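Chemist: My structure is stored as final_22.tsv, with TSV, C-alpha atoms and all ligand atoms.
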```
chain	number	residue	atom	x	y	z
A	1	MET	CA	73.24	107.68	91.13
A	2	LEU	CA	76.95	108.28	91.61
A	3	THR	CA	79.41	107.21	88.90
A	4	LEU	CA	82.98	106.33	89.89
A	5	TYR	CA	85.74	106.02	87.29
A	6	GLY	CA	88.67	103.86	88.30
A	7	THR	CA	90.49	100.60	87.84
A	8	GLN	CA	92.05	97.77	89.82
A	9	GLY	CA	94.97	98.74	92.06
A	10	SER	CA	94.37	102.48	91.60
A	11	GLY	CA	93.30	105.37	93.81
A	12	SER	CA	89.65	104.62	93.07
A	13	ALA	CA	90.01	102.01	95.85
A	14	ALA	CA	89.95	104.90	98.34
A	15	ILE	CA	86.62	106.16	97.05
A	16	GLU	CA	85.11	102.67	96.89
A	17	ALA	CA	86.14	102.21	100.53
A	18	ALA	CA	84.65	105.57	101.52
A	19	LEU	CA	81.41	104.74	99.71
A	20	ALA	CA	81.28	101.44	101.60
A	21	VAL	CA	81.82	103.21	104.94
A	22	ALA	CA	79.07	105.72	104.08
A	23	GLY	CA	76.73	102.97	102.84
A	24	LEU	CA	76.52	104.46	99.34
A	25	GLU	CA	76.38	102.76	95.96
A	26	ALA	CA	77.90	103.90	92.69
A	27	ARG	CA	78.04	102.81	89.08
A	28	LEU	CA	81.67	101.72	88.58
A	29	VAL	CA	83.26	102.45	85.21
A	30	ASP	CA	86.57	100.75	84.47
A	31	ALA	CA	88.86	103.48	83.15
A	32	ALA	CA	92.54	104.44	83.35
A	33	SER	CA	94.72	106.70	81.20
A	34	TRP	CA	97.20	103.85	80.64
A	35	GLN	CA	94.72	101.37	79.10
A	36	PRO	CA	92.47	102.27	76.14
A	37	SER	CA	88.83	101.35	76.77
A	38	PRO	CA	85.32	102.72	76.23
A	39	GLY	CA	85.47	103.73	79.91
A	40	LEU	CA	88.55	105.88	79.20
A	41	ASP	CA	86.73	107.69	76.39
A	42	GLU	CA	83.87	108.39	78.81
A	43	LEU	CA	86.32	109.49	81.55
A	44	LYS	CA	88.05	111.95	79.20
A	45	ARG	CA	84.72	113.60	78.49
A	46	VAL	CA	84.19	114.38	82.19
A	47	ASN	CA	87.83	114.85	83.29
A	48	PRO	CA	90.23	116.11	80.59
A	49	LEU	CA	93.19	115.09	82.82
A	50	ALA	CA	91.87	111.50	82.54
A	51	GLN	CA	92.94	110.80	86.12
A	52	ILE	CA	91.20	108.45	88.50
A	53	PRO	CA	89.45	108.54	90.87
A	54	THR	CA	86.83	110.72	89.21
A	55	LEU	CA	83.35	110.81	90.72
A	56	VAL	CA	80.27	112.16	88.95
A	57	LEU	CA	77.60	113.21	91.42
A	58	ALA	CA	73.86	112.68	91.05
A	59	ASP	CA	73.44	116.25	89.74
A	60	GLY	CA	76.00	115.58	86.98
A	61	SER	CA	78.78	117.68	88.53
A	62	VAL	CA	82.27	116.24	88.35
A	63	LEU	CA	84.53	115.75	91.36
A	64	THR	CA	88.20	114.98	90.87
A	65	GLU	CA	91.05	114.96	93.44
A	66	SER	CA	90.85	112.19	96.03
A	67	ALA	CA	91.03	114.53	99.00
A	68	ALA	CA	88.21	116.71	97.65
A	69	ILE	CA	86.04	113.66	96.94
A	70	LEU	CA	86.62	112.27	100.44
A	71	ILE	CA	85.96	115.64	102.12
A	72	HIS	CA	82.77	116.04	100.10
A	73	LEU	CA	81.53	112.56	101.07
A	74	GLY	CA	82.40	113.22	104.71
A	75	LEU	CA	80.52	116.53	104.76
A	76	GLU	CA	77.50	115.18	102.88
A	77	HIS	CA	77.25	112.09	105.10
A	78	PRO	CA	78.22	113.20	108.61
A	79	GLN	CA	76.86	109.98	110.15
A	80	SER	CA	79.51	108.00	108.20
A	81	GLY	CA	82.32	109.22	110.46
A	82	LEU	CA	84.49	109.84	107.37
A	83	LEU	CA	85.21	113.27	108.87
A	84	ALA	CA	85.03	114.22	112.54
A	85	SER	CA	82.17	116.51	113.54
A	86	GLU	CA	84.39	118.29	116.06
A	87	PRO	CA	86.07	121.23	114.23
A	88	SER	CA	89.60	120.92	115.60
A	89	GLY	CA	89.91	117.20	114.84
A	90	ARG	CA	88.26	117.72	111.45
A	91	ALA	CA	90.75	120.47	110.58
A	92	GLN	CA	93.65	118.07	111.24
A	93	GLN	CA	91.95	115.41	109.11
A	94	ILE	CA	91.57	117.85	106.21
A	95	ARG	CA	95.21	118.84	106.69
A	96	GLY	CA	96.23	115.18	106.54
A	97	LEU	CA	94.16	114.51	103.42
A	98	VAL	CA	95.72	117.47	101.63
A	99	TYR	CA	99.18	116.46	102.89
A	100	ILE	CA	98.84	113.02	101.32
A	101	ALA	CA	97.42	114.36	98.06
A	102	ALA	CA	99.83	117.28	97.69
A	103	ASN	CA	103.01	115.53	98.82
A	104	CYS	CA	102.74	111.75	98.47
A	105	TYR	CA	100.23	111.28	95.63
A	106	ALA	CA	101.75	114.10	93.58
A	107	GLY	CA	105.22	112.61	94.10
A	108	ILE	CA	104.02	109.27	92.79
A	109	GLY	CA	102.72	111.07	89.68
A	110	ILE	CA	106.26	112.31	89.02
A	111	LEU	CA	107.75	108.85	89.65
A	112	ASP	CA	105.24	107.25	87.27
A	113	TYR	CA	105.58	109.86	84.53
A	114	PRO	CA	109.10	111.42	84.67
A	115	GLU	CA	108.76	112.51	81.03
A	116	ARG	CA	106.01	114.93	82.06
A	117	TRP	CA	108.50	116.80	84.23
A	118	TYR	CA	111.85	116.42	82.47
A	119	PRO	CA	112.37	116.90	78.72
A	120	ALA	CA	113.07	113.58	76.97
A	121	PRO	CA	114.75	111.88	79.95
A	122	ASP	CA	117.20	109.12	79.03
A	123	ASP	CA	117.37	105.91	81.07
A	124	ALA	CA	119.97	107.36	83.47
A	125	VAL	CA	117.82	110.41	84.21
A	126	LYS	CA	114.73	108.22	84.67
A	127	GLU	CA	116.61	105.97	87.06
A	128	ALA	CA	118.02	108.92	89.03
A	129	MET	CA	114.57	110.50	89.33
A	130	ARG	CA	113.06	107.18	90.37
A	131	THR	CA	115.70	106.46	93.02
A	132	ARG	CA	115.68	109.91	94.59
A	133	GLY	CA	111.91	110.26	94.15
A	134	ARG	CA	111.20	107.01	95.99
A	135	ALA	CA	113.50	108.02	98.84
A	136	ARG	CA	111.78	111.41	99.05
A	137	LEU	CA	108.35	109.74	99.04
A	138	HIS	CA	109.41	107.49	101.91
A	139	GLU	CA	110.65	110.54	103.87
A	140	LEU	CA	107.29	112.22	103.28
A	141	TRP	CA	105.46	109.18	104.66
A	142	GLN	CA	107.67	109.06	107.73
A	143	LEU	CA	106.98	112.74	108.39
A	144	PHE	CA	103.28	112.02	108.01
A	145	ALA	CA	103.45	109.14	110.50
A	146	ASP	CA	105.26	111.39	112.98
A	147	GLN	CA	102.67	114.16	112.77
A	148	PHE	CA	99.35	112.35	112.55
A	149	PRO	CA	98.72	110.17	115.62
A	150	ALA	CA	96.23	107.28	115.62
A	151	ARG	CA	93.66	107.67	118.41
A	152	PRO	CA	92.98	104.81	117.74
A	153	TRP	CA	92.41	105.79	114.08
A	154	LEU	CA	93.90	108.69	112.16
A	155	ALA	CA	90.36	110.10	112.03
A	156	GLY	CA	89.87	109.73	115.80
A	157	ASP	CA	87.56	107.27	117.47
A	158	ARG	CA	86.12	106.01	114.15
A	159	LEU	CA	87.90	104.90	111.01
A	160	GLY	CA	87.55	107.74	108.52
A	161	ALA	CA	88.65	109.38	105.30
A	162	LEU	CA	92.21	110.03	106.44
A	163	ASP	CA	92.70	106.37	107.33
A	164	ILE	CA	91.37	105.35	103.93
A	165	LEU	CA	93.57	107.70	101.90
A	166	ALA	CA	96.69	106.81	103.93
A	167	ALA	CA	96.05	103.10	103.43
A	168	THR	CA	95.52	103.58	99.68
A	169	VAL	CA	98.34	105.93	98.66
A	170	SER	CA	100.89	104.01	100.78
A	171	MET	CA	100.28	100.94	98.58
A	172	TRP	CA	102.62	102.23	95.89
A	173	SER	CA	106.32	102.83	95.25
A	174	GLY	CA	107.60	100.72	98.12
A	175	ALA	CA	106.07	102.92	100.83
A	176	ARG	CA	104.66	100.03	102.85
A	177	ALA	CA	108.01	98.23	103.11
A	178	ALA	CA	109.80	101.47	103.98
A	179	LEU	CA	107.23	102.24	106.69
A	180	ALA	CA	107.37	98.72	108.10
A	181	ALA	CA	111.09	99.24	108.64
A	182	ALA	CA	111.09	102.89	109.76
A	183	ARG	CA	107.66	103.35	111.42
A	184	PRO	CA	106.43	99.87	112.40
A	185	GLN	CA	103.53	101.14	114.53
A	186	PHE	CA	102.21	103.17	111.63
A	187	ALA	CA	102.56	100.13	109.35
A	188	GLN	CA	100.48	98.16	111.88
A	189	LEU	CA	97.83	100.87	111.80
A	190	LEU	CA	97.66	100.58	107.98
A	191	ALA	CA	97.15	96.83	108.36
A	192	ARG	CA	94.32	97.45	110.86
A	193	ILE	CA	92.64	99.85	108.42
A	194	GLU	CA	92.75	97.27	105.61
A	195	ALA	CA	91.33	94.60	107.91
A	196	ASP	CA	88.19	96.61	108.69
A	197	PRO	CA	85.23	94.54	107.41
A	198	ARG	CA	84.05	97.39	105.16
A	199	ILE	CA	87.51	97.97	103.68
A	200	ALA	CA	88.78	94.38	103.36
A	201	PRO	CA	86.49	93.40	100.44
A	202	VAL	CA	87.54	96.52	98.52
A	203	TRP	CA	91.22	95.68	99.09
A	204	ALA	CA	90.66	92.07	98.03
A	205	ARG	CA	89.26	93.32	94.71
A	206	HIS	CA	92.01	95.86	94.11
A	207	TRP	CA	95.01	93.92	95.40
A	208	PRO	CA	93.99	90.22	95.18
A	209	ARG	CA	97.50	88.80	95.30
A	210	ARG	CA	98.67	90.37	98.56
B	1	LIG	N1	95.56	114.59	92.15
B	1	LIG	C1	94.88	113.34	91.93
B	1	LIG	C2	95.88	112.31	91.44
B	1	LIG	C3	95.20	111.11	90.87
B	1	LIG	C4	96.15	110.21	90.12
B	1	LIG	O1	97.33	110.53	89.87
B	1	LIG	N2	95.62	109.04	89.74
B	1	LIG	C5	96.38	108.11	88.98
B	1	LIG	C6	95.92	106.68	89.24
B	1	LIG	S1	96.15	106.13	90.89
B	1	LIG	C7	96.13	108.36	87.50
B	1	LIG	O2	95.00	108.39	87.06
B	1	LIG	N3	97.23	108.48	86.73
B	1	LIG	C8	97.15	108.53	85.31
B	1	LIG	C9	97.69	109.78	84.70
B	1	LIG	O3	98.09	110.73	85.41
B	1	LIG	O4	97.74	109.80	83.46
B	1	LIG	C10	94.19	112.87	93.21
B	1	LIG	O5	94.62	113.30	94.28
B	1	LIG	O6	93.22	112.11	93.14
```
Using the file provided, produce a representation of the structure as structure tokens.
Modeler:
Amino acid sequence: MLTLYGTQGSGSAAIEAALAVAGLEARLVDAASWQPSPGLDELKRVNPLAQIPTLVLADGSVLTESAAILIHLGLEHPQSGLLASEPSGRAQQIRGLVYIAANCYAGIGILDYPERWYPAPDDAVKEAMRTRGRARLHELWQLFADQFPARPWLAGDRLGALDILAATVSMWSGARAALAAARPQFAQLLARIEADPRIAPVWARHWPRR
């Protein structure tokens, strides 16, 4: 049995969506570093960073990092279409997954926790980091949209891991509104991904008021 640590509105939505696409089940443990809970105590024992998503595999090994989890699921379940079987397309999908994790997701971590990156920031510093950080994040998304074409999905002829991670990480820090204005076709693609019958129920649980 797989165990997935996560909480509503977080990056664990991406892994829940990927599990749904692959037809896999997991024990879900509600846990997040920002809300004390028995689940958080359990999460800290398997992932000292206490970040979500964290997935514990059937053999007890711990997988962190959204891109790594998605790549693992895609490789383990080739019939899911999470990753392309054709090497050149798959290489671009892995590139896109790492792009989102390394650039966009990491940037959001700085926006959410400026005090981890700047010693005792006062309100002015926090505001300056937030304003410039959001603008930088939106630039990073636009560069992503320009470089990763949908044919008709980011993962090729089937909706896959890259679609799922793009749809998840773009939910935060105003990225969707910025993309709707600057890259409307890409924003429409994100809407199509969310509307997929395997993804829509996951989104309804994580973002019920949209
Ligand atoms: N590098 C990780 C980042 C995961 C991450 O930042 N998750 C957020 C929730 S969406 C988190 O747990 N933040 C809490 C913290 O950093 O204390 C990944 O790609 O999965």
Chemist: Report as JSON the centre and the edge lengths, in Å to one decimal, of the axis-aligned box holding every listed atom of ligand LIG 1 (chain B), padded by 8 Å on each side.
Modeler:
```
{"center_x": 95.7, "center_y": 110.4, "center_z": 88.9, "size_x": 20.9, "size_y": 24.5, "size_z": 26.8}
```
Chemist: List every residue of chain A that has an atom at most 6 Å from any atom of ligand LIG 1 (chain B), and for each one report the closest atom pair and its distance in Å to one decimal, counting all atoms listed in the file, with rows sorted by chain and then by increasing residue number, as a tab-separated table.
Modeler:
```
residue	atom	partner	partner_atom	distance
A:Ser10	CA	B:LIG1	S1	4.1
A:Gly11	CA	B:LIG1	S1	4.2
A:Ala32	CA	B:LIG1	O2	6.0
A:Ser33	CA	B:LIG1	O4	4.9
A:Gln51	CA	B:LIG1	O2	3.3
A:Ile52	CA	B:LIG1	O2	4.1
A:Pro53	CA	B:LIG1	O6	5.7
A:Glu65	CA	B:LIG1	O6	3.6
A:Ser66	CA	B:LIG1	O6	3.7
A:Ala101	CA	B:LIG1	O5	4.8
A:Gly109	CA	B:LIG1	O1	5.4
```
Chemist: So which one's closest to A:Gln8, A:Ala68, A:Leu24, A:Val29, A:Gly60? Using only C-alpha atoms, please.
Modeler: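 Smallest distance to A:Gln8 is found for A:Val29.
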Chemist: Quick one: residues within 8 Å of A:Ala155, only C-alpha atoms, excluding same-chain residues fewer than 2 positions away - as a PyMOL selection string?
Modeler: chain A and resi 82-84+89-90+93+150-151+153+157-163
Chemist: Can you pull out the residues contacting A:Tyr113? Cut-off 12 Å, using all atoms listed in the file, and skip same-chain residues under 4 positions away; I want them as a tab-separated table (two decimals) with C-alpha atoms, in the coordinates of the input.
Modeler:
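The resulting file, around.tsv, is reproduced below:
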```tsv
chain	number	residue	atom	x	y	z
A	33	SER	CA	94.72	106.70	81.20
A	34	TRP	CA	97.20	103.85	80.64
A	106	ALA	CA	101.75	114.10	93.58
A	107	GLY	CA	105.22	112.61	94.10
A	108	ILE	CA	104.02	109.27	92.79
A	109	GLY	CA	102.72	111.07	89.68
A	117	TRP	CA	108.50	116.80	84.23
A	118	TYR	CA	111.85	116.42	82.47
A	119	PRO	CA	112.37	116.90	78.72
A	120	ALA	CA	113.07	113.58	76.97
A	121	PRO	CA	114.75	111.88	79.95
A	126	LYS	CA	114.73	108.22	84.67
A	127	GLU	CA	116.61	105.97	87.06
A	129	MET	CA	114.57	110.50	89.33
A	130	ARG	CA	113.06	107.18	90.37
A	133	GLY	CA	111.91	110.26	94.15
```
Chemist: Around the point (109.6, 108.9, 108.3) in the file's coordinates, collect all residues with an atom within 12 Å, using only C-alpha atoms, and return them as a list in words.
Modeler: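 Using only C-alpha atoms, the matching residues come out as Ala135, Arg136, Leu137, His138, Glu139, Leu140, Trp141, Gln142, Leu143, Phe144, Ala145, Asp146, Gln147, Phe148, Ala175, Arg176, Ala177, Ala178, Leu179, Ala180, Ala181, Ala182, Arg183, Pro184, Gln185, Phe186 and Ala187 of chain A.
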Chemist: Could you tell me how far atom CA of A:Gln79 sits from atom CA of A:Leu57, in Å to one decimal place?
Modeler: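 Interatomic distance, atom CA of A:Leu57 to atom CA of A:Gln79: 19.0 Å.
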Chemist: With distances taken over only C-alpha atoms, which of A:Thr7, A:Pro114, A:Thr64, A:Leu75 is nearest to A:Trp207?
Modeler: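 Distance minimum relative to A:Trp207 lands on A:Thr7.
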Chemist: Choose the residue, out of A:Val56, A:Ala128, A:Ala50, A:Gly174, that has the smallest atom-to-atom separation from A:Ile69; count all atoms listed in the file.
Modeler: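 Using all atoms listed in the file, A:Ile69 sits closest to A:Val56.
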Chemist: Kindly give the distance, in Å, that separates atom CA of A:Asp59 and atom CA of A:Ala22, rounded to a single decimal.
Modeler: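 According to the coordinates, atom CA of A:Asp59 and atom CA of A:Ala22 are separated by 18.7 Å.
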Chemist: May I ask for the distance between atom CA of A:His72 and atom CA of A:Ile15, given in Å to one decimal place?
Modeler: 11.0 Å
Chemist: Of the candidates A:Gly6, A:Pro208, A:Pro149, A:Gly81, which shows the shortest atom-to-atom distance to A:Ala26, using all atoms listed in the file?
Modeler: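 Looking only at the distances to A:Ala26, the closest residue turns out to be A:Gly6.
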